[in-house]
Amino acid sequence: MQEIVLGDVSITRIVEFHGPVGIAPAAFFPEAPEQAWREHSHWLEPDFVDLAADVCVNAVQTWLLRSEGATILVDTGIGDDKERPYAPIWSRRRTGFLDELAKAGVQPADVDLVVNTHLHIDHVGWNTRLEDRAWVPTFPNATYLLPRRDFDFWNPANGHAARLGRGNQNVFEDSVAPVYEAGQALLWDDAHTIDRNLRLELAAGHTPGSSVLALESGTDRALFVGDLLHTPLQIVFPDTNTCFCEDEAEARATRRRLLGRASDTNALVVPAHFGGSGAAEVVRDGDAFAIAAWAPFDHI
């Protein structure tokens with residue numbers, strides 16, 4: 001099962017990629033305690049790390065939501081045919097993503113809203129597709145909800161230096177600017193209400209415009225947290241950032257705040273990159289947090 005229902009909202013998991021990402025745990029999470037990976041290897045392997053190969057394992061996935069008659073995509077992954085000279089693992093891929101979306105009953109023209117939680121390379125790729133040497137919006141009838149702070153930060157014309165450096169090269173030009181120039185982008189800041197079930201909120205730190213999509217429907221709660229978490233080890237050690245977090249102090253504070261909110265409201269935490277069962281319920285565990293239960297998605 002790759003679909004669950006929370007209140008009046010259905011959530012379907014569309015997996016584009018799952019496997020090693022070519023980054024060692026110590027490089028990806030330089031602040032993690034030295035022995036943490038081995039001490040927790042009994043539940044981190046093989047879904048989230050391969051210690052023998054010294055490499056992190058991630059998923060790249062899109063969350064398909066159906067709410068109040070609208071079809072909504074949360075993050076759009078890697079994309080096909082994208083030139084990524086400084087991130088070769090994501091360069092010129094052919095992933096079959098649209099076929100997977102079709103299996104879930106969705107054609108590109110059916111999508112009403114696209115939510116990019118932030119504008120990193122692996123969250124915006126399917127915003128566009130290549131057509132006669134031009135990048136055009138993949139979802140012709142969709143409004144793309146883009147965090148204004150990330151739109152400004154990643155616009156090369158503004159000259160911001162980033163922790164990701166050249167790793168995000170070409171991304172704005174081929175996956176962000178075309179939807180803006182097509183008149184399909186809505187830039188939002190601080191918060192944006194989608195409908196009575198869904199609300200976007202700023203959750204800065206990983207990037208200036210990183211956001212969380214909060215779902216509240218009936219008694220059910222979920223937080224789609226993007227890259228607030230790349231590994232469940234960050235639940236156990238919430239002060240651990242990735243090497244790509246732009247504002248380290250803010251990222252830590254945001255992670256603690258949202259994990260606390262999830263534990264206090266029994267909200268399902270839905271990151272962009274967890275393999276395994278994809279999402280989890282969390283509880284407080286002293287000064288940190290622990291996984292209370294995994295979501296009932298099929299294990300990948």
# chains A, B, ... in the order shown; residues from 1 in each chain; ligands from 1

$ residues_around --residues "Ile14 in chain A" --least-positions-apart "6" --cutoff "9 Å" --atoms "only C-alpha atoms" --output "MDAnalysis selection string"
chainID A and resid 2 60:64 97 100:101 104

$ write_last_selection --atoms "N, CA and C atoms" --output "short mmCIF file (atom, residue, chain, number, x, y, z; two decimals), in the first residue's frame"
data_model
loop_
_atom_site.label_atom_id
_atom_site.label_comp_id
_atom_site.auth_asym_id
_atom_site.auth_seq_id
_atom_site.Cartn_x
_atom_site.Cartn_y
_atom_site.Cartn_z
N GLN A 2 0.70 2.09 -1.00
CA GLN A 2 1.42 3.36 -1.03
C GLN A 2 0.46 4.53 -0.90
N VAL A 60 14.13 9.61 -3.07
CA VAL A 60 13.61 10.87 -3.61
C VAL A 60 12.18 10.57 -4.02
N GLN A 61 11.24 11.26 -3.40
CA GLN A 61 9.84 10.92 -3.63
C GLN A 61 8.97 12.17 -3.61
N THR A 62 7.85 12.03 -4.26
CA THR A 62 6.83 13.08 -4.29
C THR A 62 5.62 12.57 -3.54
N TRP A 63 5.01 13.45 -2.77
CA TRP A 63 3.78 13.10 -2.06
C TRP A 63 2.61 13.66 -2.83
N LEU A 64 1.74 12.76 -3.30
CA LEU A 64 0.54 13.13 -4.05
C LEU A 64 -0.63 13.22 -3.07
N PHE A 97 9.28 8.76 -13.75
CA PHE A 97 8.43 9.37 -12.74
C PHE A 97 6.99 9.56 -13.24
N GLU A 100 5.03 6.47 -13.05
CA GLU A 100 4.61 6.16 -11.68
C GLU A 100 3.42 7.02 -11.27
N LEU A 101 3.45 8.27 -11.69
CA LEU A 101 2.32 9.16 -11.40
C LEU A 101 1.05 8.65 -12.10
N ALA A 104 -0.78 6.01 -10.39
CA ALA A 104 -1.61 6.52 -9.29
C ALA A 104 -2.84 7.24 -9.82
#

$ residues_around --residues "range 289-294 of chain A" --least-positions-apart "3" --cutoff "6 Å" --atoms "only C-alpha atoms" --output "PyMOL selection string"
chain A and resi 235-236+280-285

$ atom_distance --atom1 "CA of Ala70 in chain A" --atom2 "CA of Arg199 in chain A"
14.0 Å

$ closest_residue --among "A:Ala134, A:Val49, A:Leu65, A:Ala24" --to "Ser10 in chain A" --atoms "only C-alpha atoms"
A:Leu65

$ residues_around --residues "Pro208 in chain A" --least-positions-apart "4" --cutoff "12 Å" --atoms "only C-alpha atoms" --output "number ranges by chain"
A: 117-120, 147-154, 160, 162-163, 189-190, 202-204, 244-248, 250-251, 254

$ closest_atom_pairs --of "range 202-298 of chain A" --to "range 28-46 of chain A" --cutoff "7 Å" --atoms "only C-alpha atoms" --output "CSV"
residue,atom,partner,partner_atom,distance
A:Thr240,CA,A:Glu31,CA,5.3
A:Asn241,CA,A:Phe29,CA,6.1
A:Thr242,CA,A:Phe29,CA,4.7
A:Cys243,CA,A:Phe28,CA,5.4

$ closest_residue --among "A:Trp90, A:Phe17, A:Phe237, A:Tyr180" --to "Ala288 in chain A" --atoms "only C-alpha atoms"
A:Phe237

$ select_by_dssp --residues "range 75-262 of chain A" --states "helix (DSSP H, G or I)" --output "PyMOL selection string"
chain A and resi 88-90+97-103+108-110+125-127+148-154+156-158+165-168+171-181+233-236+248-262

$ closest_residue --among "A:Asp110, A:Arg255, A:Asp80, A:Ala214" --to "Gly96 in chain A" --atoms "only C-alpha atoms"
A:Asp80

$ closest_residue --among "A:Pro85, A:Pro178, A:Pro20, A:Gly209" --to "Thr128 in chain A" --atoms "only C-alpha atoms"
A:Pro178

$ closest_residue --among "A:His206, A:Arg196, A:Arg221, A:His123" --to "Leu164 in chain A" --atoms "only C-alpha atoms"
A:His206

$ select_by_dssp --residues "range 136-264 of chain A" --states "strand (DSSP E)" --output "ChimeraX atom specification"
/A:136-137,143-147,185-188,191-193,198-202,211-217,220-226

$ closest_residue --among "A:Val21, A:Ile11, A:Ala26, A:Met1" --to "Asp122 in chain A" --atoms "only C-alpha atoms"
A:Val21

$ residues_around --residues "Phe139 in chain A" --least-positions-apart "6" --cutoff "10 Å" --atoms "only C-alpha atoms" --output "list of chain:residue names"
A:Gln107, A:Pro108, A:Ala109, A:Asp110, A:Val111, A:Asp112, A:Leu113, A:Val114, A:Trp126, A:Asn127, A:Thr128, A:Arg129, A:Val179, A:Gln184

$ residues_around --residues "Phe172 in chain A" --least-positions-apart "2" --cutoff "10 Å" --atoms "only C-alpha atoms" --output "list of chain:residue names"
A:Leu119, A:His120, A:Ile121, A:Val124, A:Gly125, A:Phe151, A:Trp154, A:Asn155, A:Pro156, A:Asn168, A:Gln169, A:Asn170, A:Asp174, A:Ser175, A:Val176, A:Ala177, A:Pro178

$ residues_around --residues "Thr219 in chain A" --least-positions-apart "6" --cutoff "12 Å" --atoms "only C-alpha atoms" --output "ChimeraX atom specification"
/A:5-9,197,265-268
